[in-house]
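J.: Sending over query.txt (compact mmCIF, C-alpha atoms).
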```txt
# COMPACT_ATOMS: atom_id res chain seq x y z
CA MET A 30 0.00 0.00 0.00
CA SER A 31 1.94 3.01 -1.22
CA LEU A 32 -1.02 5.42 -1.16
CA ALA A 33 -2.43 7.32 1.81
CA LEU A 34 -5.84 7.59 0.16
CA ASP A 35 -8.17 4.78 1.22
CA ALA A 36 -9.08 2.09 -1.30
CA ALA A 37 -12.77 3.07 -1.48
CA ALA A 38 -11.82 6.63 -2.42
CA GLN A 39 -9.35 5.33 -5.02
CA ASP A 40 -12.14 3.30 -6.57
CA LEU A 41 -14.65 6.15 -6.43
CA LEU A 42 -12.35 8.69 -8.08
CA PHE A 43 -10.25 6.63 -10.48
CA ARG A 44 -10.27 2.83 -10.46
CA GLU A 45 -13.97 2.18 -10.88
CA ALA A 46 -15.08 5.56 -12.22
CA GLN A 47 -15.69 5.78 -15.96
CA THR A 48 -16.93 8.30 -18.46
CA ALA A 49 -20.72 7.92 -18.73
CA ASN A 50 -22.56 8.15 -22.04
CA THR A 51 -26.11 7.83 -20.69
CA PHE A 52 -27.77 9.10 -17.52
CA THR A 53 -30.85 8.50 -15.42
CA ASP A 54 -33.46 11.23 -14.92
CA GLU A 55 -32.39 11.73 -11.31
CA PRO A 56 -31.75 15.46 -10.90
CA VAL A 57 -28.37 16.90 -9.95
CA THR A 58 -29.03 19.61 -7.41
CA ASP A 59 -27.43 23.02 -7.07
CA GLU A 60 -26.24 21.87 -3.64
CA GLN A 61 -24.32 18.99 -5.23
CA ILE A 62 -22.65 21.26 -7.76
CA GLN A 63 -21.78 23.74 -5.04
CA ALA A 64 -20.28 20.97 -2.89
CA ILE A 65 -18.16 19.89 -5.86
CA TYR A 66 -17.03 23.45 -6.51
CA ASP A 67 -16.29 24.13 -2.85
CA LEU A 68 -14.01 21.08 -2.82
CA VAL A 69 -12.12 21.48 -6.08
CA LYS A 70 -11.70 25.25 -5.90
CA PHE A 71 -8.72 24.50 -3.66
CA GLY A 72 -6.79 22.77 -6.45
CA PRO A 73 -3.66 24.77 -7.33
CA THR A 74 -3.28 27.19 -10.24
CA ALA A 75 -0.35 29.48 -11.11
CA PHE A 76 -0.55 32.62 -8.98
CA ASN A 77 -3.92 31.28 -7.78
CA GLN A 78 -5.33 32.74 -10.99
CA SER A 79 -8.35 30.38 -10.94
CA PRO A 80 -9.42 31.17 -14.52
CA LEU A 81 -12.04 28.38 -14.87
CA ARG A 82 -15.65 29.44 -15.24
CA ILE A 83 -18.50 26.95 -15.24
CA THR A 84 -21.80 27.46 -17.03
CA LEU A 85 -24.45 25.00 -15.86
CA VAL A 86 -26.89 24.20 -18.62
CA ARG A 87 -30.19 23.45 -16.89
CA SER A 88 -33.01 24.88 -18.97
CA GLN A 89 -34.36 23.01 -21.99
CA GLU A 90 -33.94 26.17 -24.05
CA ALA A 91 -30.23 26.48 -23.23
CA ARG A 92 -29.69 22.73 -23.77
CA GLN A 93 -31.18 22.97 -27.25
CA ARG A 94 -28.91 25.90 -28.06
CA LEU A 95 -25.88 23.97 -26.81
CA VAL A 96 -26.50 20.82 -28.83
CA THR A 97 -26.66 22.74 -32.10
CA HIS A 98 -22.85 23.01 -31.67
CA ALA A 99 -22.27 19.34 -30.76
CA MET A 100 -20.50 16.89 -33.06
CA GLY A 101 -21.70 13.33 -33.72
CA ALA A 102 -23.04 11.42 -30.74
CA ASN A 103 -22.35 14.29 -28.32
CA GLY A 104 -25.70 15.89 -29.15
CA PRO A 105 -27.86 12.92 -28.06
CA LYS A 106 -25.61 12.29 -25.04
CA THR A 107 -26.05 15.89 -23.95
CA LEU A 108 -29.82 15.83 -24.45
CA GLY A 109 -29.99 12.88 -22.06
CA ALA A 110 -28.04 14.40 -19.17
CA PRO A 111 -29.77 16.02 -16.18
CA VAL A 112 -27.20 18.82 -16.13
CA THR A 113 -24.35 19.78 -18.42
CA ALA A 114 -21.43 22.05 -17.57
CA ILE A 115 -19.70 24.22 -20.16
CA LEU A 116 -16.15 24.82 -18.94
CA SER A 117 -14.53 28.02 -20.14
CA VAL A 118 -11.54 30.26 -19.51
CA ASP A 119 -12.18 33.78 -18.25
CA LEU A 120 -9.87 35.69 -20.60
CA ASP A 121 -9.99 38.61 -18.17
CA PHE A 122 -9.06 36.50 -15.14
CA HIS A 123 -6.25 38.96 -14.39
CA GLN A 124 -8.80 41.49 -13.16
CA LYS A 125 -9.37 39.24 -10.14
CA LEU A 126 -5.66 38.67 -9.37
CA PRO A 127 -5.40 41.48 -6.80
CA GLN A 128 -8.19 39.67 -4.92
CA LEU A 129 -6.82 36.15 -5.47
CA PHE A 130 -3.10 36.85 -5.03
CA PRO A 131 -3.13 39.79 -2.62
CA HIS A 132 0.50 39.60 -1.49
CA ALA A 133 1.78 40.36 -5.01
CA PRO A 134 -0.87 42.38 -6.83
CA GLY A 135 1.73 43.58 -9.35
CA ILE A 136 1.59 40.16 -11.05
CA LYS A 137 -1.54 41.35 -12.84
CA ASP A 138 0.32 43.92 -14.90
CA ALA A 139 3.77 42.34 -14.89
CA PHE A 140 2.67 39.05 -16.45
CA PHE A 141 -0.85 39.47 -17.79
CA SER A 142 -1.20 42.85 -19.47
CA GLU A 143 -1.29 41.15 -22.88
CA ALA A 144 -4.31 39.19 -24.09
CA ALA A 145 -2.13 36.48 -25.64
CA SER A 146 -0.34 35.72 -22.37
CA ARG A 147 -3.70 35.60 -20.57
CA GLU A 148 -5.11 33.17 -23.09
CA THR A 149 -2.08 30.85 -22.85
CA ALA A 150 -1.87 30.83 -19.06
CA GLY A 151 -5.63 30.92 -18.59
CA THR A 152 -6.18 27.95 -20.89
CA GLN A 153 -3.49 25.90 -19.16
CA ASN A 154 -4.71 26.65 -15.66
CA ALA A 155 -8.41 26.29 -16.45
CA THR A 156 -7.61 22.90 -17.98
CA LEU A 157 -5.84 21.83 -14.78
CA GLN A 158 -8.97 22.96 -12.94
CA ALA A 159 -11.07 20.91 -15.36
CA GLY A 160 -9.09 17.87 -14.23
CA TYR A 161 -9.86 18.70 -10.60
CA PHE A 162 -13.53 19.27 -11.48
CA ILE A 163 -13.89 15.85 -13.11
CA VAL A 164 -12.42 14.31 -9.95
CA GLY A 165 -14.88 16.42 -7.94
CA VAL A 166 -17.90 15.20 -9.89
CA ARG A 167 -16.87 11.66 -9.03
CA ALA A 168 -16.29 12.68 -5.42
CA ALA A 169 -19.99 13.59 -5.36
CA GLY A 170 -20.89 10.04 -6.38
CA LEU A 171 -21.85 11.22 -9.85
CA ALA A 172 -20.55 10.26 -13.27
CA ALA A 173 -18.92 12.74 -15.62
CA GLY A 174 -19.08 12.60 -19.39
CA PRO A 175 -16.43 15.05 -20.63
CA MET A 176 -16.58 15.94 -24.33
CA THR A 177 -14.28 17.91 -26.62
CA GLY A 178 -16.38 17.28 -29.74
CA PHE A 179 -18.13 20.63 -29.91
CA ASP A 180 -17.72 23.66 -32.15
CA PHE A 181 -16.38 25.76 -29.32
CA SER A 182 -16.26 29.01 -31.26
CA GLY A 183 -19.96 28.45 -31.94
CA VAL A 184 -20.56 27.74 -28.25
CA ASP A 185 -18.73 30.96 -27.37
CA LYS A 186 -20.87 33.05 -29.71
CA GLU A 187 -24.01 31.35 -28.41
CA PHE A 188 -23.30 31.74 -24.69
CA PHE A 189 -20.47 34.27 -24.31
CA GLY A 190 -21.24 36.97 -26.79
CA ASP A 191 -18.84 39.45 -25.23
CA GLY A 192 -15.78 37.45 -26.27
CA LYS A 193 -14.46 37.35 -22.71
CA GLN A 194 -14.93 33.62 -22.14
CA LYS A 195 -13.50 30.81 -24.22
CA SER A 196 -15.10 27.38 -23.83
CA PHE A 197 -12.95 24.26 -24.12
CA LEU A 198 -14.81 21.32 -22.58
CA VAL A 199 -18.42 20.25 -22.05
CA ILE A 200 -19.22 17.77 -19.27
CA ASN A 201 -22.47 15.86 -18.82
CA ILE A 202 -23.13 15.12 -15.15
CA GLY A 203 -25.51 12.69 -13.51
CA LYS A 204 -26.15 9.15 -12.35
CA PRO A 205 -25.16 6.63 -15.02
CA GLY A 206 -28.08 5.25 -17.03
CA THR A 207 -28.61 2.14 -19.13
CA ASP A 208 -25.49 0.89 -20.91
CA ALA A 209 -23.70 4.00 -19.67
CA PHE A 210 -20.16 2.75 -20.09
CA SER A 211 -17.98 1.62 -22.95
CA ALA A 212 -15.39 -1.07 -22.22
CA ARG A 213 -12.48 0.64 -20.49
CA GLY A 214 -9.57 1.16 -22.85
CA PRO A 215 -6.12 -0.12 -21.91
CA ARG A 216 -3.76 2.38 -20.29
CA LEU A 217 -0.07 2.86 -20.96
CA THR A 218 2.15 0.93 -18.58
CA PHE A 219 4.30 2.80 -16.10
CA ASP A 220 7.36 2.17 -18.24
CA GLU A 221 5.64 3.50 -21.35
CA ALA A 222 4.65 6.77 -19.68
CA VAL A 223 7.36 7.41 -17.08
CA THR A 224 11.12 7.74 -17.52
CA ALA A 225 13.75 8.51 -14.89
CA VAL A 226 16.86 10.62 -15.54
CA MET B 28 -23.06 16.14 3.17
CA SER B 29 -23.46 16.34 -0.57
CA LEU B 30 -20.27 14.42 -1.38
CA ALA B 31 -19.77 10.66 -1.45
CA LEU B 32 -16.03 11.03 -0.82
CA ASP B 33 -15.19 10.76 2.88
CA ALA B 34 -14.07 13.89 4.73
CA ALA B 35 -10.53 12.62 5.37
CA ALA B 36 -10.02 12.08 1.65
CA GLN B 37 -11.46 15.53 0.88
CA ASP B 38 -8.90 17.03 3.27
CA LEU B 39 -6.04 14.95 1.92
CA LEU B 40 -6.68 15.82 -1.70
CA PHE B 41 -8.06 19.35 -1.59
CA ARG B 42 -9.08 21.04 1.64
CA GLU B 43 -5.84 20.72 3.59
CA ALA B 44 -3.43 20.05 0.73
CA GLN B 45 -1.30 22.96 -0.42
CA THR B 46 1.50 23.62 -2.84
CA ALA B 47 4.81 23.02 -1.04
CA ASN B 48 7.83 25.24 -1.55
CA THR B 49 10.27 23.29 0.62
CA PHE B 50 10.76 19.57 1.24
CA THR B 51 12.42 17.24 3.71
CA ASP B 52 15.21 14.90 2.61
CA GLU B 53 12.92 11.89 2.91
CA PRO B 54 13.18 10.01 -0.39
CA VAL B 55 10.22 9.45 -2.71
CA THR B 56 10.46 5.88 -3.93
CA ASP B 57 9.84 4.49 -7.37
CA GLU B 58 7.09 2.41 -5.77
CA GLN B 59 5.31 5.57 -4.63
CA ILE B 60 5.49 7.15 -8.07
CA GLN B 61 4.28 3.93 -9.65
CA ALA B 62 1.35 3.76 -7.23
CA ILE B 63 0.44 7.34 -8.14
CA TYR B 64 0.67 6.58 -11.85
CA ASP B 65 -1.31 3.36 -11.56
CA LEU B 66 -4.11 5.31 -9.89
CA VAL B 67 -4.31 8.42 -12.06
CA LYS B 68 -3.74 6.67 -15.38
CA PHE B 69 -7.47 5.89 -15.25
CA GLY B 70 -8.46 9.55 -15.48
CA PRO B 71 -10.29 10.23 -18.76
CA THR B 72 -8.78 11.72 -21.92
CA ALA B 73 -10.35 12.20 -25.35
CA PHE B 74 -10.24 8.91 -27.26
CA ASN B 75 -8.15 7.61 -24.34
CA GLN B 76 -5.21 9.31 -26.04
CA SER B 77 -3.23 9.52 -22.77
CA PRO B 78 -0.60 11.93 -24.14
CA LEU B 79 1.07 12.80 -20.82
CA ARG B 80 4.67 11.68 -20.35
CA ILE B 81 6.49 12.04 -17.04
CA THR B 82 10.24 12.45 -16.69
CA LEU B 83 11.41 11.87 -13.13
CA VAL B 84 14.46 13.93 -12.33
CA ARG B 85 16.41 11.92 -9.76
CA SER B 86 20.14 12.29 -10.50
CA GLN B 87 22.04 15.35 -9.34
CA GLU B 88 23.36 15.79 -12.84
CA ALA B 89 19.87 15.95 -14.38
CA ARG B 90 18.64 18.22 -11.59
CA GLN B 91 21.44 20.69 -12.30
CA ARG B 92 20.56 20.66 -15.99
CA LEU B 93 16.89 21.27 -15.19
CA VAL B 94 17.42 24.26 -12.92
CA THR B 95 19.44 26.13 -15.55
CA HIS B 96 16.02 26.65 -17.18
CA ALA B 97 14.14 27.70 -14.02
CA MET B 98 12.90 31.23 -13.39
CA GLY B 99 13.27 33.07 -10.10
CA ALA B 100 12.70 31.05 -6.95
CA ASN B 101 11.87 27.88 -8.90
CA GLY B 102 15.57 26.98 -9.14
CA PRO B 103 16.20 26.81 -5.37
CA LYS B 104 12.82 25.12 -4.79
CA THR B 105 13.72 22.44 -7.32
CA LEU B 106 17.19 21.91 -5.88
CA GLY B 107 15.56 21.15 -2.53
CA ALA B 108 13.08 18.52 -3.69
CA PRO B 109 13.79 14.78 -3.39
CA VAL B 110 12.26 14.16 -6.81
CA THR B 111 10.99 16.43 -9.55
CA ALA B 112 8.69 15.47 -12.41
CA ILE B 113 8.84 17.14 -15.81
CA LEU B 114 5.40 16.78 -17.39
CA SER B 115 5.33 16.77 -21.17
CA VAL B 116 3.08 16.02 -24.11
CA ASP B 117 4.02 13.19 -26.44
CA LEU B 118 3.50 14.95 -29.79
CA ASP B 119 3.37 11.52 -31.44
CA PHE B 120 0.76 10.14 -29.05
CA HIS B 121 -1.35 9.13 -32.06
CA GLN B 122 1.04 6.27 -32.76
CA LYS B 123 -0.32 4.57 -29.64
CA LEU B 124 -4.01 5.16 -30.44
CA PRO B 125 -4.55 1.76 -32.12
CA GLN B 126 -3.37 0.23 -28.81
CA LEU B 127 -5.28 2.67 -26.56
CA PHE B 128 -8.53 2.96 -28.55
CA PRO B 129 -8.70 -0.43 -30.25
CA HIS B 130 -12.38 -0.34 -31.21
CA ALA B 131 -11.85 2.66 -33.54
CA PRO B 132 -8.24 2.59 -34.75
CA GLY B 133 -9.15 4.87 -37.66
CA ILE B 134 -9.24 7.82 -35.24
CA LYS B 135 -5.45 7.98 -35.54
CA ASP B 136 -5.54 9.07 -39.16
CA ALA B 137 -8.97 10.69 -39.23
CA PHE B 138 -8.24 13.20 -36.49
CA PHE B 139 -4.52 13.23 -35.82
CA SER B 140 -2.62 13.03 -39.09
CA GLU B 141 -1.57 16.68 -38.73
CA ALA B 142 1.03 17.79 -36.20
CA ALA B 143 -0.95 20.93 -35.29
CA SER B 144 -4.07 18.97 -34.32
CA ARG B 145 -1.92 16.59 -32.25
CA GLU B 146 -0.29 19.47 -30.41
CA THR B 147 -3.64 21.11 -29.61
CA ALA B 148 -5.40 17.96 -28.45
CA GLY B 149 -2.29 16.52 -26.82
CA THR B 150 -1.66 19.67 -24.81
CA GLN B 151 -5.25 19.83 -23.61
CA ASN B 152 -5.44 16.19 -22.62
CA ALA B 153 -1.98 16.04 -21.05
CA THR B 154 -2.95 19.09 -18.97
CA LEU B 155 -6.10 17.32 -17.77
CA GLN B 156 -3.83 14.42 -16.83
CA ALA B 157 -1.54 16.85 -15.00
CA GLY B 158 -4.54 17.79 -12.86
CA TYR B 159 -5.16 14.12 -12.09
CA PHE B 160 -1.44 13.64 -11.35
CA ILE B 161 -1.36 16.47 -8.80
CA VAL B 162 -4.35 14.86 -7.08
CA GLY B 163 -2.49 11.54 -7.20
CA VAL B 164 0.63 12.96 -5.56
CA ARG B 165 -1.56 14.09 -2.70
CA ALA B 166 -3.29 10.71 -2.63
CA ALA B 167 0.15 9.26 -1.87
CA GLY B 168 0.41 11.50 1.20
CA LEU B 169 2.99 13.67 -0.53
CA ALA B 170 3.03 17.36 -1.34
CA ALA B 171 3.23 18.67 -4.89
CA GLY B 172 4.89 21.91 -5.93
CA PRO B 173 3.75 22.54 -9.50
CA MET B 174 5.64 25.27 -11.39
CA THR B 175 5.10 26.94 -14.75
CA GLY B 176 8.04 29.33 -14.37
CA PHE B 177 10.54 27.48 -16.56
CA ASP B 178 11.92 28.13 -20.03
CA PHE B 179 10.13 25.13 -21.45
CA SER B 180 11.69 25.33 -24.89
CA GLY B 181 15.05 25.18 -23.10
CA VAL B 182 13.86 22.20 -21.07
CA ASP B 183 12.76 20.49 -24.28
CA LYS B 184 16.14 20.96 -25.94
CA GLU B 185 17.88 19.78 -22.77
CA PHE B 186 15.83 16.63 -22.19
CA PHE B 187 13.88 15.91 -25.38
CA GLY B 188 16.30 16.60 -28.18
CA ASP B 189 14.22 14.78 -30.77
CA GLY B 190 11.45 17.40 -30.67
CA LYS B 191 8.80 14.76 -29.99
CA GLN B 192 7.99 15.84 -26.43
CA LYS B 193 6.85 19.28 -25.30
CA SER B 194 7.18 20.06 -21.60
CA PHE B 195 4.60 22.29 -19.92
CA LEU B 196 4.81 21.81 -16.14
CA VAL B 197 7.45 20.89 -13.56
CA ILE B 198 6.34 19.42 -10.23
CA ASN B 199 8.47 19.04 -7.12
CA ILE B 200 7.33 16.08 -5.04
CA GLY B 201 8.10 15.15 -1.44
CA LYS B 202 7.22 15.57 2.20
CA PRO B 203 6.78 19.25 3.08
CA GLY B 204 9.80 20.82 4.81
CA THR B 205 10.30 23.87 7.01
CA ASP B 206 7.99 26.79 6.20
CA ALA B 207 6.73 24.80 3.23
CA PHE B 208 3.49 26.65 2.69
CA SER B 209 2.46 30.19 1.83
CA ALA B 210 -0.80 31.47 3.28
CA ARG B 211 -3.59 29.99 1.18
CA GLY B 212 -5.01 32.54 -1.22
CA PRO B 213 -8.74 33.22 -1.27
CA ARG B 214 -10.80 31.35 -3.83
CA LEU B 215 -13.61 32.68 -5.99
CA THR B 216 -17.04 32.13 -4.49
CA PHE B 217 -19.44 29.73 -6.17
CA ASP B 218 -21.39 32.66 -7.58
CA GLU B 219 -18.25 34.25 -9.00
CA ALA B 220 -17.20 31.09 -10.84
CA VAL B 221 -20.47 29.31 -11.67
CA THR B 222 -23.48 30.54 -13.65
CA ALA B 223 -26.66 28.65 -14.54
CA VAL B 224 -28.51 29.07 -17.82
```
I'd like the structure from this file rewritten - as structure tokens, please.
T.:
Amino acid sequence: MSLALDAAAQDLLFREAQTANTFTDEPVTDEQIQAIYDLVKFGPTAFNQSPLRITLVRSQEARQRLVTHAMGANGPKTLGAPVTAILSVDLDFHQKLPQLFPHAPGIKDAFFSEAASRETAGTQNATLQAGYFIVGVRAAGLAAGPMTGFDFSGVDKEFFGDGKQKSFLVINIGKPGTDAFSARGPRLTFDEAVTAV
Amino acid sequence: MSLALDAAAQDLLFREAQTANTFTDEPVTDEQIQAIYDLVKFGPTAFNQSPLRITLVRSQEARQRLVTHAMGANGPKTLGAPVTAILSVDLDFHQKLPQLFPHAPGIKDAFFSEAASRETAGTQNATLQAGYFIVGVRAAGLAAGPMTGFDFSGVDKEFFGDGKQKSFLVINIGKPGTDAFSARGPRLTFDEAVTAV
């Protein structure tokens, strides 16, 4: 046993958890999403920049607008989920740095005065946060169905007309439904993925 | 209690875990790193592409080469860690797709024949895996010190001369040392980060 984390938690978060393609009708409450957020918000980002924004698609009207930008099977999957989260980068995350990184407020202008540097750093750090969020969904006893097969520039125009948020991942969230899981694919062995120097 | 994950695990992974800036001399064993990998390898990536590669910097010689590319305080922090992981994207991850996604081997050529599409997807998915890996380091009862302040093109030339791996994050790993932690920065509230539509 080389891990401190108990075996049940290992199973819940990684070993038995799988991407779900179908969901039951059981609702996912705001309280559940808030509990997930209040856990994973503590995951680290550079300068605590916390650039991830989450748009919860709950209304039928918004869901229909979202699926017009879905590719292939992602449309039907998304129509069948009780709640769907659009994950995006706040391209103006630097405006909140004096609040989030109060002991060095000069970071905002020193590193992030240019839009290109904000987009690069914001995308990287929001994607790390997306990893934490997927773990958090599982920590709530729910299944996540993350999808990159969307026309994200279309999603941005549809939901973020001001150009200040850039979506990069859509995640269906709920209890797994009938035939929810594909066979788990093989993973790379330790020696294929890890090298020591 | 809206989470299925037990409170001790919540604390271990998120609530009490913090980025460490100093470390004790206690070694981190290969068995610990393998246990971390064998847990977090199950985290989802698009088409199971699993593009993350991990280079464990253990020798003094490699550590000295790494810190020549560190910015600011990241050099001394890295010199004081028992092991340091360079996280990189395998830009040729598509070569392993027939192995990793055996039920649709055509994905390799349909989506990833171009280097630019591999770099975009590989970077996104390896960064998701970096999020899982940070959680995994904590699951092992260790502290992570992730750093983006490196000259990554210099790191690539130094360690990945063939141009087939692109580094994007360096993580010190070990038991926290003296004055290891900065004060935790405030996080965005749920209402600042999450919107429902």
J.: Which polymer residues have any atom within 10 Å of an atom of region 144-151 of chain A, counting all atoms listed in the file, with same-chain residues fewer than 5 positions away left out, as an mmCIF file with C-alpha atoms, in the frame of the given file?
T.:
```cif
data_model
loop_
_atom_site.group_PDB
_atom_site.id
_atom_site.type_symbol
_atom_site.label_atom_id
_atom_site.label_comp_id
_atom_site.auth_asym_id
_atom_site.auth_seq_id
_atom_site.Cartn_x
_atom_site.Cartn_y
_atom_site.Cartn_z
ATOM 1 C CA THR A 74 -3.280 27.190 -10.240
ATOM 2 C CA ALA A 75 -0.350 29.480 -11.110
ATOM 3 C CA GLN A 78 -5.330 32.740 -10.990
ATOM 4 C CA SER A 79 -8.350 30.380 -10.940
ATOM 5 C CA PRO A 80 -9.420 31.170 -14.520
ATOM 6 C CA LEU A 81 -12.040 28.380 -14.870
ATOM 7 C CA SER A 117 -14.530 28.020 -20.140
ATOM 8 C CA VAL A 118 -11.540 30.260 -19.510
ATOM 9 C CA ASP A 119 -12.180 33.780 -18.250
ATOM 10 C CA LEU A 120 -9.870 35.690 -20.600
ATOM 11 C CA ASP A 121 -9.990 38.610 -18.170
ATOM 12 C CA PHE A 122 -9.060 36.500 -15.140
ATOM 13 C CA HIS A 123 -6.250 38.960 -14.390
ATOM 14 C CA LYS A 137 -1.540 41.350 -12.840
ATOM 15 C CA THR A 156 -7.610 22.900 -17.980
ATOM 16 C CA LEU A 157 -5.840 21.830 -14.780
ATOM 17 C CA GLN A 194 -14.930 33.620 -22.140
ATOM 18 C CA LYS A 195 -13.500 30.810 -24.220
ATOM 19 C CA THR B 175 5.100 26.940 -14.750
#
```
J.: Between CA of Ala31 (chain B) and CA of Arg44 (chain A), what is the distance, to one decimal in Å?
T.: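 One can read the CA of Ala31 (chain B) to CA of Arg44 (chain A) distance as 15.3 Å.
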J.: Neighbouring residues of Tyr64 (chain B) were defined as those with any atom within 10 Å, considering all atoms listed in the file; residues of the same chain fewer than 2 positions away were excluded. Please report them as a PDB file with C-alpha atoms, in the frame of the given file.
T.:
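For reference, result.pdb as written:
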```pdb
ATOM      1  CA  LEU A 217      -0.070   2.860 -20.960  1.00  0.00           C
ATOM      2  CA  THR A 218       2.150   0.930 -18.580  1.00  0.00           C
ATOM      3  CA  PHE A 219       4.300   2.800 -16.100  1.00  0.00           C
ATOM      4  CA  ALA A 222       4.650   6.770 -19.680  1.00  0.00           C
ATOM      5  CA  VAL A 223       7.360   7.410 -17.080  1.00  0.00           C
TER       6      VAL A 223
ATOM      7  CA  GLU B  58       7.090   2.410  -5.770  1.00  0.00           C
ATOM      8  CA  GLN B  59       5.310   5.570  -4.630  1.00  0.00           C
ATOM      9  CA  ILE B  60       5.490   7.150  -8.070  1.00  0.00           C
ATOM     10  CA  GLN B  61       4.280   3.930  -9.650  1.00  0.00           C
ATOM     11  CA  ALA B  62       1.350   3.760  -7.230  1.00  0.00           C
ATOM     12  CA  LEU B  66      -4.110   5.310  -9.890  1.00  0.00           C
ATOM     13  CA  VAL B  67      -4.310   8.420 -12.060  1.00  0.00           C
ATOM     14  CA  LYS B  68      -3.740   6.670 -15.380  1.00  0.00           C
ATOM     15  CA  PHE B  69      -7.470   5.890 -15.250  1.00  0.00           C
ATOM     16  CA  ILE B  81       6.490  12.040 -17.040  1.00  0.00           C
ATOM     17  CA  TYR B 159      -5.160  14.120 -12.090  1.00  0.00           C
ATOM     18  CA  PHE B 160      -1.440  13.640 -11.350  1.00  0.00           C
ATOM     19  CA  GLY B 163      -2.490  11.540  -7.200  1.00  0.00           C
ATOM     20  CA  VAL B 164       0.630  12.960  -5.560  1.00  0.00           C
TER      21      VAL B 164
END
```
J.: Might you pull out every residue within 8 Å of Thr48 (chain A), with all atoms listed in the file counted and same-chain residues fewer than 6 positions away left off, and present them as a PyMOL selection string?
T.: (chain A and resi 172-175+210) or (chain B and resi 71)
J.: Produce a file of the selected residues containing C-alpha atoms, as a JSON list (two decimals), keeping the file's coordinate frame.
T.:
```json
[["chain", "number", "residue", "atom", "x", "y", "z"],
["A", 172, "ALA", "CA", -20.55, 10.26, -13.27],
["A", 173, "ALA", "CA", -18.92, 12.74, -15.62],
["A", 174, "GLY", "CA", -19.08, 12.60, -19.39],
["A", 175, "PRO", "CA", -16.43, 15.05, -20.63],
["A", 210, "PHE", "CA", -20.16, 2.75, -20.09],
["B", 71, "PRO", "CA", -10.29, 10.23, -18.76]]
```
J.: Go through A:Lys125, A:Lys106, A:His132, A:Arg213 and flag the residue nearest Phe52 (chain A), using only C-alpha atoms for the distances.
T.: A:Lys106
J.: Please define a box with edges along x, y and z of the file around all atoms of region 62-73 of chain A given in the file, extend it by 5 Å on each side, and return its centre and edge lengths in Å to one decimal, as AutoDock Vina command-line options.
T.:
```
--center_x -13.2 --center_y 22.6 --center_z -5.3 --size_x 29.0 --size_y 15.4 --size_z 14.9
```
J.: Just checking: using all atoms listed in the file, which residue out of A:Ser88, A:Thr97, A:Gln128, A:Gln47 ends up closest to Lys204 (chain A)?
T.: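 Of A:Ser88, A:Thr97, A:Gln128, A:Gln47, the one nearest Lys204 (chain A), counting all atoms listed in the file, is A:Gln47.
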J.: Quick one: residues within 12 Å of Arg85 (chain B), only C-alpha atoms counted, chain neighbours fewer than 2 positions away excluded, as a ChimeraX atom specification?
T.: /A:224-226 /B:54-57,82-83,87-93,105-113,199-200
J.: Rank B:Thr150, B:Thr49, B:Ser140, B:Asn101 by their smallest atom-to-atom distance to chain A, using all atoms listed in the file, and report the top residue only.
T.: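 So, comparing all the options, the nearest one is B:Thr150.
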